[in-house]
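Student: File name query.tsv; file contents TSV, C-alpha atoms; full text below.
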chain	number	residue	atom	x	y	z
A	1	MET	CA	48.50	89.95	-1.46
A	2	TYR	CA	46.54	92.91	-0.19
A	3	GLU	CA	49.58	95.18	-0.49
A	4	GLU	CA	47.46	98.05	-1.67
A	5	LYS	CA	45.72	99.27	1.43
A	6	ASN	CA	42.66	100.47	-0.48
A	7	MET	CA	42.07	96.92	-1.74
A	8	GLU	CA	42.03	95.51	1.80
A	9	PRO	CA	38.71	94.33	3.22
A	10	ASP	CA	37.44	96.60	6.00
A	11	PHE	CA	37.88	94.09	8.77
A	12	LEU	CA	41.63	93.87	8.08
A	13	LYS	CA	41.94	97.59	8.83
A	14	ARG	CA	40.49	97.21	12.32
A	15	PRO	CA	42.95	97.00	15.23
A	16	LYS	CA	43.74	93.46	16.28
A	17	THR	CA	43.00	92.60	19.87
A	18	ASN	CA	43.10	89.28	21.66
A	19	PRO	CA	39.61	88.53	22.95
A	20	PHE	CA	40.75	85.41	24.79
A	21	ARG	CA	42.20	85.20	28.27
A	22	THR	CA	43.50	82.49	30.56
A	23	PRO	CA	42.75	81.71	34.22
A	24	ASP	CA	44.91	83.71	36.63
A	25	TYR	CA	48.47	82.40	37.09
A	26	TYR	CA	47.81	79.75	34.44
A	27	PHE	CA	51.26	80.02	32.88
A	28	GLU	CA	53.13	80.20	36.18
A	29	SER	CA	52.59	76.56	37.11
A	30	LEU	CA	52.67	75.14	33.61
A	31	GLU	CA	56.24	73.75	33.72
A	32	ASP	CA	55.52	71.83	36.94
A	33	ARG	CA	52.29	70.39	35.57
A	34	VAL	CA	53.92	69.29	32.32
A	35	MET	CA	56.86	67.68	34.15
A	36	GLY	CA	54.40	66.04	36.56
A	37	ASN	CA	52.50	64.57	33.60
A	38	ILE	CA	55.73	63.31	32.04
A	39	GLU	CA	56.73	61.65	35.34
A	40	TYR	CA	53.27	60.09	35.63
A	41	GLN	CA	53.53	58.78	32.07
A	42	LYS	CA	56.99	57.32	32.79
A	43	LYS	CA	55.67	55.53	35.92
A	44	ARG	CA	52.70	54.16	34.01
A	45	GLU	CA	54.97	52.89	31.27
A	46	SER	CA	57.36	51.28	33.77
A	47	SER	CA	54.46	49.59	35.63
A	48	SER	CA	53.10	48.23	32.37
A	49	THR	CA	56.64	47.07	31.53
A	50	ARG	CA	56.80	45.33	34.95
A	51	ILE	CA	53.49	43.56	34.29
A	52	ILE	CA	54.76	42.42	30.92
A	53	ARG	CA	57.99	41.19	32.59
A	54	LEU	CA	55.96	39.18	35.13
A	55	LEU	CA	53.68	37.75	32.49
A	56	LYS	CA	56.51	36.94	30.10
A	57	PRO	CA	57.20	33.33	31.31
A	58	ALA	CA	53.50	32.44	31.28
A	59	LEU	CA	53.05	34.04	27.89
A	60	GLY	CA	56.11	32.18	26.61
A	61	LEU	CA	54.74	28.88	27.84
A	62	ALA	CA	51.34	29.55	26.30
A	63	ALA	CA	53.00	30.54	23.04
A	64	SER	CA	55.05	27.30	23.07
A	65	PHE	CA	51.91	25.22	23.55
A	66	ALA	CA	50.21	27.09	20.77
A	67	LEU	CA	53.21	26.51	18.52
A	68	VAL	CA	53.28	22.78	19.32
A	69	TYR	CA	49.57	22.57	18.62
A	70	VAL	CA	49.94	24.36	15.31
A	71	LEU	CA	53.03	22.47	14.15
A	72	VAL	CA	52.30	18.96	15.45
A	73	TYR	CA	48.82	18.25	16.74
A	74	TYR	CA	46.90	20.14	14.11
A	75	PRO	CA	48.65	18.61	11.03
A	76	ILE	CA	48.32	15.12	12.55
A	77	ASN	CA	44.66	15.69	13.23
A	78	THR	CA	43.96	17.28	9.92
A	79	PHE	CA	45.98	15.26	7.45
A	80	LEU	CA	47.02	11.89	8.89
A	81	LEU	CA	43.71	11.00	10.58
A	82	LYS	CA	41.81	12.16	7.52
A	83	ASP	CA	43.91	9.75	5.37
A	84	THR	CA	43.19	6.87	7.78
A	85	ALA	CA	39.50	7.58	7.56
A	86	LYS	CA	39.72	7.62	3.76
A	87	THR	CA	41.49	4.21	3.74
A	88	ALA	CA	38.86	2.74	6.05
A	89	VAL	CA	36.10	3.90	3.70
A	90	THR	CA	37.94	2.43	0.70
A	91	ASP	CA	38.35	-0.90	2.52
A	92	THR	CA	34.65	-1.06	3.31
A	93	ILE	CA	33.73	-0.25	-0.26
A	94	THR	CA	36.07	-2.93	-1.64
A	95	ALA	CA	34.65	-5.59	0.68
A	96	ASP	CA	31.05	-4.68	-0.14
A	97	TRP	CA	31.76	-4.58	-3.83
A	98	LEU	CA	33.42	-7.99	-3.77
A	99	ASN	CA	30.53	-9.46	-1.81
A	100	GLU	CA	28.02	-8.08	-4.24
A	101	TYR	CA	29.70	-8.88	-7.53
A	102	SER	CA	31.73	-12.04	-6.92
A	103	ILE	CA	30.30	-15.55	-7.36
A	104	ASN	CA	29.50	-17.12	-4.10
A	105	LEU	CA	31.10	-20.55	-4.60
A	106	THR	CA	29.70	-21.92	-1.36
A	107	SER	CA	26.17	-21.61	-2.74
A	108	VAL	CA	26.99	-23.57	-5.96
A	109	ASP	CA	26.28	-27.30	-5.97
A	110	GLU	CA	29.36	-29.05	-7.36
A	111	ASN	CA	27.40	-32.18	-8.32
A	112	LEU	CA	25.15	-30.18	-10.61
A	113	ILE	CA	28.14	-28.75	-12.43
A	114	VAL	CA	29.76	-32.16	-12.86
A	115	ASN	CA	26.49	-33.70	-14.11
A	116	ALA	CA	25.98	-30.90	-16.61
A	117	ILE	CA	29.44	-31.37	-18.07
A	118	PHE	CA	29.43	-35.11	-18.35
A	119	SER	CA	25.79	-35.71	-19.10
A	120	GLU	CA	24.94	-37.27	-22.49
A	121	ASP	CA	21.45	-35.94	-22.43
A	122	THR	CA	20.99	-33.87	-25.61
A	123	THR	CA	17.23	-33.58	-25.57
A	124	ASN	CA	17.25	-29.90	-25.09
A	125	LEU	CA	19.66	-29.42	-28.00
A	126	ALA	CA	17.71	-31.72	-30.31
A	127	GLU	CA	14.58	-29.72	-29.79
A	128	THR	CA	16.28	-26.61	-31.11
A	129	ASN	CA	15.63	-25.69	-34.74
A	130	PRO	CA	19.02	-25.35	-36.62
A	131	ASP	CA	17.81	-22.20	-38.43
A	132	GLU	CA	16.90	-20.56	-35.11
A	133	PHE	CA	20.24	-21.61	-33.73
A	134	LEU	CA	22.04	-20.07	-36.73
A	135	ALA	CA	19.97	-16.87	-36.45
A	136	TYR	CA	20.82	-16.63	-32.77
A	137	LEU	CA	24.51	-17.07	-33.43
A	138	SER	CA	24.55	-14.58	-36.28
A	139	THR	CA	22.84	-11.67	-34.49
A	140	GLY	CA	26.18	-10.01	-33.90
A	141	LEU	CA	27.49	-10.61	-37.46
A	142	ASN	CA	27.03	-8.74	-40.74
A	143	ASP	CA	26.08	-10.39	-44.04
A	144	VAL	CA	29.62	-10.91	-45.32
A	145	GLU	CA	30.69	-12.58	-42.09
A	146	ILE	CA	27.60	-14.84	-42.10
A	147	TYR	CA	28.30	-15.84	-45.73
A	148	SER	CA	31.95	-16.66	-44.97
A	149	GLU	CA	30.95	-18.67	-41.87
A	150	ILE	CA	28.42	-20.73	-43.89
A	151	GLN	CA	30.95	-21.36	-46.66
A	152	ASN	CA	33.50	-22.60	-44.16
B	1	MET	CA	77.18	73.96	32.03
B	2	ILE	CA	75.07	75.78	29.45
B	3	VAL	CA	71.75	75.42	31.26
B	4	SER	CA	71.96	78.36	33.67
B	5	GLY	CA	72.35	80.90	30.90
B	6	MET	CA	70.20	79.20	28.27
B	7	THR	CA	68.70	81.85	26.09
B	8	ASN	CA	68.84	80.70	22.49
B	9	ASP	CA	67.40	77.59	20.85
B	10	GLN	CA	70.77	76.06	20.03
B	11	GLN	CA	71.79	76.12	23.70
B	12	ILE	CA	68.50	74.50	24.66
B	13	VAL	CA	68.88	71.81	21.99
B	14	ASP	CA	72.48	71.08	23.09
B	15	SER	CA	71.43	70.78	26.73
B	16	LEU	CA	68.50	68.53	25.82
B	17	LYS	CA	70.95	66.02	24.35
B	18	ASP	CA	72.82	65.67	27.65
B	19	PRO	CA	70.97	63.34	30.07
B	20	VAL	CA	72.25	65.37	33.05
B	21	THR	CA	70.83	68.67	31.83
B	22	LYS	CA	67.91	67.30	29.80
B	23	GLU	CA	65.15	67.93	32.32
B	24	LEU	CA	66.26	71.42	33.22
B	25	ALA	CA	66.69	72.29	29.55
B	26	PHE	CA	63.20	71.06	28.87
B	27	ARG	CA	61.86	73.34	31.59
B	28	HIS	CA	63.59	76.20	29.79
B	29	LEU	CA	62.00	75.13	26.53
B	30	ILE	CA	58.54	75.10	28.12
B	31	SER	CA	59.18	78.44	29.73
B	32	LYS	CA	60.27	79.99	26.45
B	33	TYR	CA	57.52	78.64	24.21
B	34	LYS	CA	54.54	77.97	26.49
B	35	GLU	CA	52.71	81.21	25.75
B	36	ARG	CA	53.29	81.24	22.03
B	37	LEU	CA	52.20	77.61	21.71
B	38	TYR	CA	49.25	78.19	24.01
B	39	TRP	CA	47.87	81.04	21.88
B	40	HIS	CA	48.55	79.15	18.68
B	41	ILE	CA	46.56	76.17	19.96
B	42	ARG	CA	43.89	78.36	21.53
B	43	LYS	CA	43.09	79.97	18.16
B	44	ILE	CA	42.61	76.55	16.65
B	45	VAL	CA	40.53	74.85	19.36
B	46	LEU	CA	39.12	78.13	20.81
B	47	ASN	CA	38.24	76.81	24.27
B	48	HIS	CA	40.67	77.21	27.20
B	49	ASP	CA	40.14	73.77	28.76
B	50	ASP	CA	40.68	72.04	25.43
B	51	THR	CA	43.74	74.21	24.79
B	52	ASP	CA	45.19	73.18	28.13
B	53	ASP	CA	44.74	69.49	27.28
B	54	VAL	CA	46.29	69.91	23.84
B	55	LEU	CA	49.19	71.98	25.20
B	56	GLN	CA	50.01	69.32	27.81
B	57	ASN	CA	49.89	66.60	25.15
B	58	THR	CA	52.03	68.74	22.86
B	59	PHE	CA	54.78	69.08	25.47
B	60	ILE	CA	54.62	65.36	26.26
B	61	LYS	CA	54.96	64.60	22.54
B	62	ILE	CA	57.89	67.02	22.31
B	63	TRP	CA	59.57	65.33	25.30
B	64	ASN	CA	59.05	61.87	23.80
B	65	GLY	CA	60.25	63.00	20.40
B	66	LEU	CA	63.38	64.86	21.50
B	67	ASP	CA	65.63	62.11	20.19
B	68	SER	CA	64.04	62.35	16.76
B	69	PHE	CA	64.54	66.11	16.49
B	70	ARG	CA	67.03	66.95	13.78
B	71	ALA	CA	68.45	70.40	13.42
B	72	GLU	CA	67.27	70.49	9.79
B	73	SER	CA	64.33	72.62	10.86
B	74	SER	CA	64.43	75.23	13.58
B	75	LEU	CA	63.22	74.34	17.07
B	76	PHE	CA	60.44	76.91	16.70
B	77	THR	CA	58.98	75.37	13.52
B	78	TRP	CA	59.29	71.84	14.96
B	79	LEU	CA	57.37	72.83	18.10
B	80	TYR	CA	54.71	74.66	16.08
B	81	ARG	CA	54.29	71.66	13.78
B	82	ILE	CA	53.72	69.32	16.73
B	83	ALA	CA	51.30	71.77	18.34
B	84	THR	CA	49.38	72.20	15.06
B	85	ASN	CA	49.14	68.45	14.48
B	86	GLU	CA	48.02	67.84	18.04
B	87	SER	CA	45.34	70.52	17.73
B	88	ILE	CA	44.01	69.15	14.45
B	89	THR	CA	44.02	65.58	15.79
B	90	PHE	CA	42.19	66.73	18.91
B	91	LEU	CA	39.56	68.61	16.88
B	92	ASN	CA	39.03	65.68	14.54
B	93	GLN	CA	38.50	63.34	17.49
B	94	ARG	CA	36.03	65.74	19.09
B	95	LYS	CA	34.21	66.29	15.82
B	96	ARG	CA	33.88	62.53	15.29
B	97	LYS	CA	32.42	62.15	18.78
B	98	ASN	CA	29.98	65.04	18.59
B	99	MET	CA	29.17	65.29	14.94
B	100	SER	CA	26.05	63.81	13.40
B	101	SER	CA	26.61	65.33	9.97
B	102	LEU	CA	29.26	67.27	8.10
B	103	THR	CA	27.33	70.52	8.46
B	104	ASP	CA	27.83	70.31	12.24
B	105	GLU	CA	31.59	70.35	11.83
B	106	ASN	CA	32.04	74.08	12.32
B	107	GLN	CA	29.08	74.39	14.64
B	108	TYR	CA	31.14	72.40	17.14
B	109	LEU	CA	33.77	75.15	17.12
B	110	ILE	CA	31.19	77.91	17.43
B	111	ASP	CA	29.56	76.13	20.39
B	112	ASN	CA	33.02	75.73	21.89
B	113	LEU	CA	33.61	79.46	21.51
B	114	GLU	CA	30.24	80.50	22.91
B	115	GLY	CA	30.62	78.17	25.87
B	116	ASP	CA	34.10	79.42	26.78
B	117	SER	CA	34.10	81.42	30.01
B	118	TYR	CA	37.52	82.83	29.16
B	119	PHE	CA	36.34	84.76	26.12
B	120	ASP	CA	36.18	88.48	26.83
B	121	GLY	CA	35.68	89.83	23.32
B	122	ASP	CA	32.89	92.15	22.19
B	123	GLU	CA	30.27	91.34	19.56
B	124	TRP	CA	32.55	92.27	16.68
B	125	GLN	CA	35.31	89.98	17.96
B	126	MET	CA	32.83	87.17	18.49
B	127	LEU	CA	31.62	87.69	14.92
B	128	LEU	CA	35.18	87.58	13.59
B	129	GLN	CA	35.94	84.38	15.52
B	130	LYS	CA	32.73	82.80	14.23
B	131	ALA	CA	33.66	83.78	10.68
B	132	VAL	CA	37.08	82.15	11.13
B	133	ALA	CA	35.44	79.08	12.66
B	134	THR	CA	33.42	78.54	9.49
B	135	LEU	CA	36.57	78.22	7.36
B	136	PRO	CA	37.93	74.84	6.26
B	137	ASP	CA	40.70	73.55	8.55
B	138	LYS	CA	43.65	74.48	6.35
B	139	GLN	CA	42.38	77.96	5.56
B	140	ARG	CA	41.61	78.54	9.23
B	141	LEU	CA	45.14	77.56	10.21
B	142	VAL	CA	46.68	79.82	7.58
B	143	PHE	CA	44.40	82.73	8.46
B	144	ASN	CA	45.17	82.44	12.18
B	145	MET	CA	48.90	82.17	11.65
B	146	LYS	CA	49.04	85.06	9.21
B	147	TYR	CA	46.43	87.45	10.60
B	148	PHE	CA	46.73	86.94	14.36
B	149	ASP	CA	50.23	85.49	14.87
B	150	GLU	CA	51.82	87.37	11.94
B	151	ILE	CA	54.03	84.39	11.08
B	152	LYS	CA	56.01	84.75	7.85
B	153	TYR	CA	54.90	82.62	4.91
B	154	GLU	CA	58.36	81.00	4.78
B	155	ASP	CA	58.07	79.80	8.40
B	156	MET	CA	54.46	78.82	7.86
B	157	SER	CA	55.56	76.79	4.84
B	158	GLU	CA	57.93	74.78	7.06
B	159	ILE	CA	55.38	74.31	9.82
B	160	LEU	CA	52.50	73.25	7.58
B	161	GLU	CA	54.72	71.60	4.97
B	162	THR	CA	52.96	73.51	2.20
B	163	SER	CA	54.37	75.74	-0.53
B	164	VAL	CA	54.37	79.50	-0.04
B	165	GLY	CA	52.21	79.94	-3.13
B	166	ALA	CA	49.56	77.57	-1.81
B	167	LEU	CA	49.61	79.34	1.56
B	168	LYS	CA	49.11	82.73	-0.08
B	169	ALA	CA	46.18	81.36	-2.06
B	170	SER	CA	44.68	79.83	1.08
B	171	TYR	CA	44.99	83.12	2.93
B	172	HIS	CA	43.43	85.01	0.03
B	173	HIS	CA	40.41	82.65	-0.03
B	174	ALA	CA	40.13	82.77	3.74
B	175	VAL	CA	40.08	86.58	3.80
B	176	LYS	CA	37.35	86.64	1.12
B	177	LYS	CA	35.20	84.19	3.06
B	178	VAL	CA	35.67	86.00	6.36
B	179	GLU	CA	34.78	89.30	4.70
B	180	GLU	CA	31.60	87.82	3.19
B	181	PHE	CA	30.60	86.28	6.51
B	182	VAL	CA	31.23	89.54	8.40
B	183	LYS	CA	29.29	91.59	5.83
B	184	SER	CA	26.31	89.27	5.91
B	185	HIS	CA	26.16	89.20	9.71
B	186	GLU	CA	27.45	92.67	10.65
B	187	THR	CA	24.10	94.42	10.15
B	188	ARG	CA	22.67	92.35	12.98
B	189	ILE	CA	25.17	93.81	15.42
B	190	GLU	CA	23.76	96.89	17.09
B	191	PRO	CA	26.14	99.86	17.12
Taking this structure as input, can you express it in the form of structure tokens?
Tutor:
Amino acid sequence: MYEEKNMEPDFLKRPKTNPFRTPDYYFESLEDRVMGNIEYQKKRESSSTRIIRLLKPALGLAASFALVYVLVYYPINTFLLKDTAKTAVTDTITADWLNEYSINLTSVDENLIVNAIFSEDTTNLAETNPDEFLAYLSTGLNDVEIYSEIQN
Amino acid sequence: MIVSGMTNDQQIVDSLKDPVTKELAFRHLISKYKERLYWHIRKIVLNHDDTDDVLQNTFIKIWNGLDSFRAESSLFTWLYRIATNESITFLNQRKRKNMSSLTDENQYLIDNLEGDSYFDGDEWQMLLQKAVATLPDKQRLVFNMKYFDEIKYEDMSEILETSVGALKASYHHAVKKVEEFVKSHETRIEP
């Protein structure tokens, strides 16, 4: 690249000079400053290590509590208590449902039932037209079934 | 003990491995490479104060990374690689802090150059530095290392971990751009 001198851009032919300078004696003290910085860094690291060493037991204890919370308290709270709550809701629903849909035997008069069974009063039945009675009974039957019922 | 007569890199590296001689060997390493690394960093960040910060960080990184140094690459290329990475990281951090748009990216470097009290160059040298400052990061690195530091492409390839062919292409593009910038601005410089 640019081996042929006549192909070189003009600025490459100019003499190279360093336009930058440093403060006086800058390089003379550089080793001491670098080593000073390294020492400072070492001290800072060792002090942070000492702080960590002091905090270690407390951090360990806190971590243990956190672990116990995560492994024991949280699952109990989340799963077991939730199941208990679900069961309680189910129990309530069952009781309500039974109350609503079951026959309340305490409110039924036993005497009325006995009288109805053993009564010989057929007035209500006599008043019923046999054709109407047959029509009522046959509402759920088709023609063939009605015919076979009549024949029998 | 090798330390007292430490002149070559291998002696320095051997002494750095021994805890007894480590610190003294490191002082030798700083002494040997401080100027070369300083000027390498200075051409990237341009300002003396920034260069000083980056150079200090570079030596601290070198000290911390001594155990990870393998003799696969030479000490010189390893040091240059750390210095280059530190410089680029520093510039990126500064650019992120100061930049409001991508077009300001190189303006930051030019401002850095103009505000540097340790720049003694004439108008032509200022123009050349501004032209270099407008280059993309990679091209700027390659141009500086080839034009100013006269580092061989093979060494540059190890430092920048880029193929020689790619480096040659980068340098070629950089030279073209610098030439165009100089031509378009040179007429404004009074003779």
Student: With a cut-off of 12 Å and counting all atoms listed in the file, select all residues of chain A in contact with chain B and give the selection as an mmCIF file with C-alpha atoms, in the coordinates of the input.
Tutor:
data_model
loop_
_atom_site.group_PDB
_atom_site.id
_atom_site.type_symbol
_atom_site.label_atom_id
_atom_site.label_comp_id
_atom_site.auth_asym_id
_atom_site.auth_seq_id
_atom_site.Cartn_x
_atom_site.Cartn_y
_atom_site.Cartn_z
ATOM 1 C CA MET A 1 48.500 89.950 -1.460
ATOM 2 C CA TYR A 2 46.540 92.910 -0.190
ATOM 3 C CA GLU A 3 49.580 95.180 -0.490
ATOM 4 C CA MET A 7 42.070 96.920 -1.740
ATOM 5 C CA GLU A 8 42.030 95.510 1.800
ATOM 6 C CA PRO A 9 38.710 94.330 3.220
ATOM 7 C CA ASP A 10 37.440 96.600 6.000
ATOM 8 C CA PHE A 11 37.880 94.090 8.770
ATOM 9 C CA LEU A 12 41.630 93.870 8.080
ATOM 10 C CA LYS A 13 41.940 97.590 8.830
ATOM 11 C CA ARG A 14 40.490 97.210 12.320
ATOM 12 C CA PRO A 15 42.950 97.000 15.230
ATOM 13 C CA LYS A 16 43.740 93.460 16.280
ATOM 14 C CA THR A 17 43.000 92.600 19.870
ATOM 15 C CA ASN A 18 43.100 89.280 21.660
ATOM 16 C CA PRO A 19 39.610 88.530 22.950
ATOM 17 C CA PHE A 20 40.750 85.410 24.790
ATOM 18 C CA ARG A 21 42.200 85.200 28.270
ATOM 19 C CA THR A 22 43.500 82.490 30.560
ATOM 20 C CA PRO A 23 42.750 81.710 34.220
ATOM 21 C CA ASP A 24 44.910 83.710 36.630
ATOM 22 C CA TYR A 26 47.810 79.750 34.440
ATOM 23 C CA PHE A 27 51.260 80.020 32.880
ATOM 24 C CA GLU A 28 53.130 80.200 36.180
ATOM 25 C CA SER A 29 52.590 76.560 37.110
ATOM 26 C CA LEU A 30 52.670 75.140 33.610
ATOM 27 C CA GLU A 31 56.240 73.750 33.720
ATOM 28 C CA ASP A 32 55.520 71.830 36.940
ATOM 29 C CA ARG A 33 52.290 70.390 35.570
ATOM 30 C CA VAL A 34 53.920 69.290 32.320
ATOM 31 C CA MET A 35 56.860 67.680 34.150
ATOM 32 C CA GLY A 36 54.400 66.040 36.560
ATOM 33 C CA ASN A 37 52.500 64.570 33.600
ATOM 34 C CA ILE A 38 55.730 63.310 32.040
ATOM 35 C CA GLU A 39 56.730 61.650 35.340
ATOM 36 C CA TYR A 40 53.270 60.090 35.630
ATOM 37 C CA GLN A 41 53.530 58.780 32.070
ATOM 38 C CA LYS A 42 56.990 57.320 32.790
#
Student: With only C-alpha atoms as the counted atoms, please give the residues lying no more than 7 Å from stretch 85-93 of chain B, apart from itself and same-chain residues fewer than 6 positions off, as a list in words.
Tutor: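 Here the answer would be Ile41, Ile44, Val45, Val54 and Thr58 of chain B.
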Student: Write a file of the selected residues as a compact mmCIF listing (two decimals), keeping the file's coordinate frame, keeping C-alpha atoms.
Tutor:
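Contents of part-v3.txt, freshly written:
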# COMPACT_ATOMS: atom_id res chain seq x y z
CA ILE B 41 46.56 76.17 19.96
CA ILE B 44 42.61 76.55 16.65
CA VAL B 45 40.53 74.85 19.36
CA VAL B 54 46.29 69.91 23.84
CA THR B 58 52.03 68.74 22.86
Student: Between B:Glu161, B:Asp53, B:Asp18, B:Glu114, single out the one closest to B:Trp78, counting all atoms listed in the file.
Tutor: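 Ranked by minimum distance to B:Trp78, first place goes to B:Glu161.
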Student: Please report the interatomic distance between atom CA of B:Ile110 and atom CA of B:Ala131 in Å with one decimal.
Tutor: 9.3 Å
Student: Would you compute the distance between atom CA of B:Asn112 and atom CA of B:Thr77? Give it in Å to one decimal.
Tutor: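 Atom CA of B:Thr77 lies at a distance of 27.3 Å from atom CA of B:Asn112.
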Student: Around all the atoms of stretch 142-145 of chain A listed in the file, draw an axis-aligned box and extend it by 8 Å on each of the six sides; I want its centre and edge lengths in Å to one decimal, as AutoDock Vina command-line options.
Tutor:
--center_x 28.4 --center_y -10.7 --center_z -43.0 --size_x 20.6 --size_y 19.8 --size_z 20.6
Student: To one decimal place in Å, what is the distance between atom CA of A:Val72 and atom CA of A:Leu54?
Tutor: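 The value is 28.5 Å.
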